[in-house]
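Down below is the structure, laid out as structure tokens.
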Amino acid sequence: MSKDWTPEELQAASAAMKDAGEMSYEEFTEEVKATTEAKEKIDAFVAIQTDGTTFCPRCGNLTVKERLHTNALSRHANVYVCDACGMDEAIRDWKHTTLPLKEWAIAKLPLVVSTQNTPESPLC
Ligand SMILES: [Zn+2]
């Protein structure tokens, strides 16, 4: 059962959360929205990520090797990332400083642009 909050109760709870060093209700709501949008963009990218797609959704560089399965599989999304990002994820996980999905390069794009495989790309 969920409680129906009055705007005053919500504001008081939000202020109490903020005073306790937590995110306010507004910040939390924005965080959830940004993370959800980032996840949707990553999922859309996964659908079009194929051999020859060298864009790394995490750092935004063209550093993903053409044969996808030779790259790092992200620890936080079911998508291939470049080796540098794979290493960065491992180190950040060890340090408990995970890069939020909303900070990924693809999350900062206004929309997912269809990528085309370049026919001249050599497939080894
Ligand atoms: Zn990368």
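Here's how to read the names in the structure tokens: chain A, B, ... by the order shown, residue numbers from 1 in each chain, ligand numbers from 1 in the order shown.
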
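Residues within 9 Å of His69 (chain A), counting only C-alpha atoms and excluding same-chain residues fewer than 3 positions away, are A:Asp51, A:Lys65, A:Glu66, A:Ala72, A:Leu73, A:Tyr80.
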
Give me a file of those residues, with N, CA and C atoms, as a CSV table (one decimal), in the first residue's frame.
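Full text of part_17.csv as output:
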```csv
chain,number,residue,atom,x,y,z
A,51,ASP,N,28.8,-6.3,-35.4
A,51,ASP,CA,30.2,-6.2,-35.8
A,51,ASP,C,30.4,-5.0,-36.7
A,65,LYS,N,36.4,-2.5,-30.9
A,65,LYS,CA,37.0,-3.3,-32.0
A,65,LYS,C,35.8,-3.8,-32.9
A,66,GLU,N,36.1,-4.0,-34.2
A,66,GLU,CA,35.1,-4.4,-35.1
A,66,GLU,C,34.4,-5.7,-34.8
A,72,ALA,N,35.1,-5.7,-24.4
A,72,ALA,CA,34.6,-5.9,-23.0
A,72,ALA,C,33.0,-5.8,-23.0
A,73,LEU,N,32.4,-6.8,-22.3
A,73,LEU,CA,31.0,-6.6,-22.1
A,73,LEU,C,30.8,-5.8,-20.8
A,80,TYR,N,28.5,-4.1,-25.4
A,80,TYR,CA,30.0,-4.1,-25.5
A,80,TYR,C,30.5,-2.7,-25.4
```

*Return as number ranges by chain the residues of protein, DNA or RNA that approach ligand 1 to within 7 Å, with only C-alpha atoms and all ligand atoms taken into account.*
A: 56-61, 63-64, 81-85

Which residues are close to region 11-17 of chain A, i.e. within 12 Å by only C-alpha atoms, leaving aside same-chain residues fewer than 6 positions away? Reply as a compact mmCIF listing (two decimals) with C-alpha atoms, in the first residue's frame.
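Printed below is result-v9.txt as written:
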```txt
# COMPACT_ATOMS: atom_id res chain seq x y z
CA TRP A 5 1.39 12.44 0.21
CA MET A 23 19.05 13.49 -2.12
CA SER A 24 15.90 15.55 -1.89
CA TYR A 25 12.73 14.10 -3.40
CA GLU A 26 13.18 16.30 -6.48
CA GLU A 27 16.82 15.22 -6.89
CA PHE A 28 15.86 11.57 -6.44
CA THR A 29 13.08 11.86 -9.00
```

*So which residues of chain A fall under strand (DSSP E) by DSSP, listed as a list in words?*
Ala72, Leu73, Tyr80 and Val81 of chain A

Write to file, as a tab-separated table (two decimals), in the first residue's frame, the residues of the selection just made, with N, CA and C atoms.
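The resulting file, out.tsv, is shown below:
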```
chain	number	residue	atom	x	y	z
A	72	ALA	N	35.05	-5.72	-24.40
A	72	ALA	CA	34.57	-5.94	-23.03
A	72	ALA	C	33.04	-5.81	-23.01
A	73	LEU	N	32.40	-6.75	-22.31
A	73	LEU	CA	30.96	-6.65	-22.07
A	73	LEU	C	30.80	-5.84	-20.78
A	80	TYR	N	28.49	-4.07	-25.44
A	80	TYR	CA	29.95	-4.09	-25.53
A	80	TYR	C	30.50	-2.67	-25.44
A	81	VAL	N	31.57	-2.54	-24.68
A	81	VAL	CA	32.27	-1.26	-24.56
A	81	VAL	C	33.73	-1.49	-24.95
```

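If you measure from each of A:Thr6, A:Asn71, A:Thr36, A:Thr53 to Pro100 (chain A) using only C-alpha atoms, the closest one turns out to be A:Thr36.
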
*Extract, using only C-alpha atoms, all DNA, RNA and protein residues at most 10 Å from Asp43 (chain A), discarding same-chain residues fewer than 6 positions from it, and format them as a PyMOL selection string.*
chain A and resi 37+49+77-79

*Which parts of chain A does DSSP call alpha helix (DSSP H) when run on the backbone here, written out as a PyMOL selection string?*
chain A and resi 7-19+25-48+83-95

*Can you pull out every residue within 12 Å of Thr35 (chain A), counting only C-alpha atoms, but drop anything in the same chain fewer than 5 positions away, and send it as JSON, numbers by chain?*
{"A": [28, 29, 30, 40, 41, 42, 76, 77, 99, 100, 101, 102, 103, 104, 106, 107, 108]}
